[in-house]
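As structure tokens, the structure follows; a few thoughts come after it.
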Amino acid sequence: MIAFLIRRTLLAGFTTFVISIIAFMVIQLPPGDFATTYVQLLLGFGQGSGATGAILGDPAIEQQMREAYGLDQPVVVQYLKWLWRILQLDFGIGLEAGKKITEVIGQRLLNTVILAVGTILFTWVLAVPIGIYSAVKHNTPADYGVTFVGFLGLAVPDFLLGLALLWIGFAYFDISIGGLYSTAYINAPWSFDKFIDLLKHLWVPAIVLGTAGTAGLIRILRNNLLDELAKPYVVAARARGIPEWRLVLKYPVRMALNPFISTIGYLLPFLLSGSVIVSVVLSLPTLGPTLLRALLGEDLFLAATIVLLLGLLTVIGTLLSDILLVIFDPRIKLDG
Amino acid sequence: MAQEQALPMAADVKDEQLDVAGPWLLMWWRFRKHRLAMASVVVIALFYLVAILADFLSSSEPVTTNERFNYVPPQTIHWFADGWIRPYVHDITSTLDLTTFKKNYEVDTETRFPVRFFGRGYEYRFLGLFNTDRHLFIVETPDGHRAPFILGGDAFGRDLMSRILHGTRISLTIGLAGVSISIVLGVALGGLSGFYGGIIDTVVQRLIEILRSIPTIPLWLALAASLPREWSITRIYLAVTVILSLYAWTELARVVRGRFLAMREDDFIMAAKLAGASDSRIIFRHMVPNFASHLIAAATLAVPFMIISETALSFLGLGLVPPAISWGVLLKSAQNVQTVALYPWLMLIAVPVIVAVLAFNFVGDGLRDAADPYG
């Protein structure tokens, strides 16, 4: 058990390391380097006129900046320097208004986590009753209906669903669905009221993001439960007169629920990456729109930091899921 | 006998035929029983037919802009004129509302333009064989020809139906190209991992786990954003395909490795080894035919993943960009609620995406159940 945990944690650490390399590649891949872009940014601020323009237009200044940031050194050295600064939580400067990246990302990181957790909870809350019902009422119209909706949920891309819901809300109900907080609460400090307001706004993005995951989980739960319900111990219990609902809930459902714990493992990367697009469509203040803007505007340090953070969240989530799985089901083989 | 009868076979298969049927025939019989999967095969075939015949089926060049028909709403084709079946369309005139700057379209019920089947439209190369200008249907106007705009027009007055038909080409072939690359990678690495086991297996497994735990979309966005803007559409298309397959191969590798591990201990493999067969002969002559069916099922299920991923990337503006036409690029015009609220027919582009993805999912499920009814 302990050996397994240690091995998983080591693997998580190694994965994060790989992700950091990939994130760093993001900075390196486009042509030109940060010095060029930063100089251009400053020139843009000062309109390149007067003394500032003269200073910045001088290639020697760019070269000095390069040396200061270590941009003329081999890639490995650059990477190590970047990594060292990251570990000190100095993520660098974003290009938009030159703000420190930590300020730009802070609140949005929290919102991304809230969105992911909220969606997972929503997914479970919906998928469990529907899955159980669908398996128990096997091959009835209700079952077919659920399966069909489940397939639709898998097939419709989540951003399209978000767009459709936005439009329906606008066209038929005259409400605007986007955003995670009402205007009054956006910059307010955390309070219970703000939390309630958040919940009121959270259910739409959670539906949009969670539909595919819910559909998948319903199918898995339904199949597992069907397998369990066919087993002899269920027949024996029924013969002994145990009421049907208790019979279903006591053992088969517990067996079928195993995949739910492990689903955090694959739901989390799916959600975090899917939330990027949905957040763009629904204008949610999470890391998604920021990443897109950063990439389109070639704000590379910001983009790399976001990629790294999202990867780190995913790895942590997967690790948590593995630990939970081992705790809940001792039958799982522990050799990885 | 009793065991074969327990397998889900089509009803008309007799027992004698069951005894001598090879594995592919057995799989086909099991697949046939899935009505949904069979219907989906037809749907997919139709989609690819549309992709091949896109120029013939569409009524106007997908890239030609036409100011007169900016955001024109979907028009209806009227089928009966004077008691005969003579399809026609009305003329459309537009007025600009000076308060909202929105174009209002009026249908002029007085004028009628006939809809000709196999009429003359823009010139194109049919199947790469010969030039022609015949299209399935075209509206003849006094000034020439135009599209009937059954699905409306987009921001530049281009016929949405024609653009969707052309978009089918890129969107569906990206799926095939990406899956091909994934199959090669997946079989190579999964096979090595499963057949030799040991340290190779551990390394490849860790690699797969790491790749699967990275959130894909941020990574793809970053990779797609770093593609040089000057690249031609074809190169961007290939690069996007490679980027997508770098994730998709992991699933195929897992399937292949699982099958290899299961088969390694089988008696017939041991017999082949004892008979002196080389490793490659064992792999290609004995093992590959056994997992080919599973591989095809997994590959079919990977195609909708590719389609949706490409759609998502292009939807955000990274990946394919205009003038390339794919479903994702088309959906980009429906990106915000302001556009969609005013011109909701732009969302119709979602319909072929959903149908194609559903069809591939059903076929993949059917194939998976047919390949291994016990698994």
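Each chain of the structure tokens is named A, B, ... in the order shown, its residues numbered from 1; ligands are numbered from 1 in display order.
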
Skip segment 117-132 of chain A itself and residues of its chain fewer than 4 positions away, then list as a VMD selection string all residues within 9 Å of it, counting only C-alpha atoms.
chain A and resid 112 to 113 136 to 137 146 199 202 to 203 205 to 211 213 to 223 225 248 to 249 253 257 260 264 267 to 268 271

Rows by chain and residue number, chain B within 9 Å of chain A, shortest pair, only C-alpha atoms, as a tab-separated table:
residue	atom	partner	partner_atom	distance
B:Arg206	CA	A:Leu11	CA	8.1
B:Glu209	CA	A:Thr15	CA	8.7
B:Ile210	CA	A:Thr15	CA	5.6
B:Leu211	CA	A:Thr15	CA	8.6
B:Arg212	CA	A:Pro269	CA	8.1
B:Ser213	CA	A:Pro269	CA	6.2
B:Ile214	CA	A:Gly311	CA	5.6
B:Pro215	CA	A:Pro269	CA	4.5
B:Thr216	CA	A:Ser273	CA	5.8
B:Ile217	CA	A:Ser273	CA	4.8
B:Pro218	CA	A:Ser273	CA	6.0
B:Leu219	CA	A:Val307	CA	6.8
B:Leu221	CA	A:Leu295	CA	7.5
B:Ala222	CA	A:Val26	CA	6.2
B:Leu223	CA	A:Val26	CA	6.9
B:Ala225	CA	A:Leu295	CA	6.1
B:Ser226	CA	A:Pro30	CA	4.9
B:Leu227	CA	A:Pro30	CA	7.1
B:Pro228	CA	A:Pro30	CA	7.2
B:Pro304	CA	A:Ala155	CA	8.3
B:Ile308	CA	A:Pro157	CA	6.6
B:Thr311	CA	A:Pro157	CA	8.8
B:Ala312	CA	A:Ile277	CA	7.5
B:Leu313	CA	A:Ile277	CA	9.0
B:Phe315	CA	A:Ile277	CA	8.8
B:Leu316	CA	A:Ile277	CA	7.5
B:Gly317	CA	A:Leu296	CA	8.7
B:Leu318	CA	A:Leu296	CA	8.3
B:Leu331	CA	A:Leu160	CA	8.9
B:Ala334	CA	A:Leu163	CA	8.3
B:Gln335	CA	A:Val281	CA	6.8
B:Asn336	CA	A:Val281	CA	6.6
B:Val337	CA	A:Trp167	CA	6.2
B:Gln338	CA	A:Trp167	CA	8.8
B:Val340	CA	A:Trp167	CA	6.7
B:Ala341	CA	A:Trp167	CA	6.0
B:Pro344	CA	A:Trp167	CA	8.2
B:Met347	CA	A:Ala164	CA	8.0
B:Ala350	CA	A:Leu160	CA	7.2
B:Val353	CA	A:Val156	CA	8.0
B:Ile354	CA	A:Val156	CA	5.6
B:Val355	CA	A:Ala155	CA	7.9
B:Ala356	CA	A:Ala155	CA	8.7
B:Val357	CA	A:Ala155	CA	5.6
B:Leu358	CA	A:Ala155	CA	5.5
B:Asn361	CA	A:Ala155	CA	8.1

I'd like to know which residues of segment 59-171 of chain B are strand (DSSP E or B) (by DSSP, run on the backbone); could you write them as a PyMOL selection string?
chain B and resi 78-81+84-97+102-126+130-141+144-146+153+159

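Of note, atom CA of Leu87 of chain A and atom CA of Leu10 of chain A are spaced 17.8 Å apart.
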
Please indicate the distance in Å from atom CA of Thr286 of chain A to atom CA of Tyr172 of chain A, rounded to one decimal place.
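We find that atom CA of Thr286 of chain A and atom CA of Tyr172 of chain A lie 27.2 Å from each other.
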